[in-house]
Amino acid sequence: AAALTEAATLAGWQAVDLGNYVQSWKLHETAKSAAREAGSPALLAHATAQQAYVLLDLGRVQEAVQQVEHARAEAGGWLPPLMDTWLHAAQAEAHAAADEGAACRAALDRADAARPRDPADPALPFLFLAGPHLDRWRGNCLATLGADEALQDLTAALDAMDGFNRAEAGVRCDLAVVLQRRGELEEARRQAGLAQELALVTHSERQRRRIENILQTV
């Protein structure tokens with residue numbers, strides 16, 4: 001059951017990335033059922049919160065916030081530190097999309113406080129949150145909120161993204177958003193162009209659509 005949870009959650013994320021939202025939702029439902037069968041609060045929290053990205057991509061932002069909050073409530077009290085960190089960061093991203101700045105920043109602070117020294121947990125091989133990756137997540141949230149301070153987090157994270165093509169594309173996309181807002185249009189176009197090249201390598205429909213929207217405005 002645990003193996004099925006991990007497989008269905010991964011397949012569900014890939015379906016989100018390709019824009020197959022109905023398939024992704026069904027895969028996450030399978031993952032949640034298997035996690036309950038496995039008796040794993042951590043796996044259930046991960047599958048439930050990740051399912052919220054379907055809602056985010058469909059513009060159902062408040063439902064996404066509620067979904068992530070439900071993931072934590074259903075998990076109960078204690079979660080492994082790495083999962084706790086990931087869940088706080090996912091909450092922050094949902095709050096940012098809902099333009100709930102105070103709630104987003106509070107969740108980011110909780111994620112930073114919960115972050116374990118070791119970014120890997122053998123019991124959670126599908127999660128990796130080394131310092132730069134959490135900085136990237138923070139930068140994404142702050143960019144969504146329109147905060148210029150996102151530039152510092154994103155610039156710092158970019159140096160550590162070598163080999164993580166999908167993550168690097170996301171960072172460059174966020175940089176383009178921040179730079180555009182600051183009026184630095186030439187550099188914004190350059191970052192969006194680099195993100196577009198990486199999105200073609202990873203075949204990420206989700207990122208491709210976002211980058212196209214940015215390029216239309218810069």
# chains A, B, ... in the order shown; residues from 1 in each chain; ligands from 1

$ closest_atom_pairs --of "region 96-135 of chain A" --to "region 7-27 of chain A" --cutoff "12 Å" --atoms "only C-alpha atoms" --output "Markdown table"
| residue | atom | partner | partner_atom | distance |
| --- | --- | --- | --- | --- |
| A:Pro125 | CA | A:Leu10 | CA | 11.6 |
| A:Phe126 | CA | A:Leu10 | CA | 8.4 |
| A:Leu127 | CA | A:Leu10 | CA | 11.0 |

$ write_last_selection --atoms "N, CA and C atoms" --output "compact mmCIF listing (two decimals), in the first residue's frame"
# COMPACT_ATOMS: atom_id res chain seq x y z
N PRO A 125 11.76 9.05 0.60
CA PRO A 125 12.73 9.21 -0.48
C PRO A 125 12.26 10.13 -1.60
N PHE A 126 10.98 10.45 -1.63
CA PHE A 126 10.43 11.29 -2.69
C PHE A 126 10.52 12.78 -2.35
N LEU A 127 11.03 13.12 -1.16
CA LEU A 127 11.16 14.51 -0.75
C LEU A 127 12.63 14.87 -0.61

$ closest_atom_pairs --of "region 65-156 of chain A" --to "region 176-198 of chain A" --cutoff "9 Å" --atoms "only C-alpha atoms" --output "Markdown table"
| residue | atom | partner | partner_atom | distance |
| --- | --- | --- | --- | --- |
| A:Ala143 | CA | A:Val178 | CA | 6.0 |
| A:Thr144 | CA | A:Val177 | CA | 8.3 |
| A:Gly146 | CA | A:Val178 | CA | 7.2 |
| A:Ala147 | CA | A:Val178 | CA | 7.8 |
| A:Asp148 | CA | A:Val178 | CA | 6.5 |
| A:Ala150 | CA | A:Val178 | CA | 7.3 |
| A:Leu151 | CA | A:Val178 | CA | 6.7 |

$ residues_around --residues "region 97-103 of chain A" --least-positions-apart "4" --cutoff "10 Å" --atoms "only C-alpha atoms" --output "ChimeraX atom specification"
/A:56,59-65,91-93,107-109,141-142,144-147

$ residues_around --residues "Leu82 (chain A)" --least-positions-apart "4" --cutoff "8 Å" --atoms "only C-alpha atoms" --output "PyMOL selection string"
chain A and resi 86+114-116+119-121+127+129

$ closest_residue --among "A:Ala111, A:Ala2, A:Leu58, A:Ala106" --to "Leu44 (chain A)" --atoms "only C-alpha atoms"
A:Ala2

$ decode --residues "region 36-48 of chain A" --atoms "N, CA and C atoms" --output "mmCIF file, in the first residue's frame"
data_model
loop_
_atom_site.group_PDB
_atom_site.id
_atom_site.type_symbol
_atom_site.label_atom_id
_atom_site.label_comp_id
_atom_site.auth_asym_id
_atom_site.auth_seq_id
_atom_site.Cartn_x
_atom_site.Cartn_y
_atom_site.Cartn_z
ATOM 1 N N ARG A 36 -4.072 5.501 3.445
ATOM 2 C CA ARG A 36 -4.899 5.103 4.600
ATOM 3 C C ARG A 36 -4.747 3.605 4.867
ATOM 4 N N GLU A 37 -4.684 2.836 3.789
ATOM 5 C CA GLU A 37 -4.505 1.387 3.938
ATOM 6 C C GLU A 37 -3.144 1.084 4.576
ATOM 7 N N ALA A 38 -2.150 1.877 4.207
ATOM 8 C CA ALA A 38 -0.806 1.682 4.760
ATOM 9 C C ALA A 38 -0.689 2.205 6.185
ATOM 10 N N GLY A 39 -1.660 2.993 6.610
ATOM 11 C CA GLY A 39 -1.605 3.565 7.957
ATOM 12 C C GLY A 39 -0.508 4.586 8.126
ATOM 13 N N SER A 40 -0.250 5.361 7.055
ATOM 14 C CA SER A 40 0.854 6.318 7.083
ATOM 15 C C SER A 40 0.335 7.754 7.022
ATOM 16 N N PRO A 41 0.316 8.480 8.144
ATOM 17 C CA PRO A 41 -0.107 9.884 8.127
ATOM 18 C C PRO A 41 0.753 10.749 7.217
ATOM 19 N N ALA A 42 2.047 10.451 7.157
ATOM 20 C CA ALA A 42 2.945 11.265 6.329
ATOM 21 C C ALA A 42 2.617 11.104 4.846
ATOM 22 N N LEU A 43 2.429 9.868 4.401
ATOM 23 C CA LEU A 43 2.097 9.644 2.994
ATOM 24 C C LEU A 43 0.732 10.238 2.657
ATOM 25 N N LEU A 44 -0.204 10.136 3.590
ATOM 26 C CA LEU A 44 -1.532 10.692 3.361
ATOM 27 C C LEU A 44 -1.463 12.214 3.264
ATOM 28 N N ALA A 45 -0.686 12.840 4.133
ATOM 29 C CA ALA A 45 -0.544 14.296 4.095
ATOM 30 C C ALA A 45 0.066 14.744 2.772
ATOM 31 N N HIS A 46 1.077 14.009 2.311
ATOM 32 C CA HIS A 46 1.739 14.366 1.061
ATOM 33 C C HIS A 46 0.788 14.258 -0.117
ATOM 34 N N ALA A 47 0.071 13.146 -0.224
ATOM 35 C CA ALA A 47 -0.851 12.946 -1.348
ATOM 36 C C ALA A 47 -1.987 13.963 -1.320
ATOM 37 N N THR A 48 -2.511 14.244 -0.137
ATOM 38 C CA THR A 48 -3.638 15.173 -0.010
ATOM 39 C C THR A 48 -3.215 16.592 -0.351
#
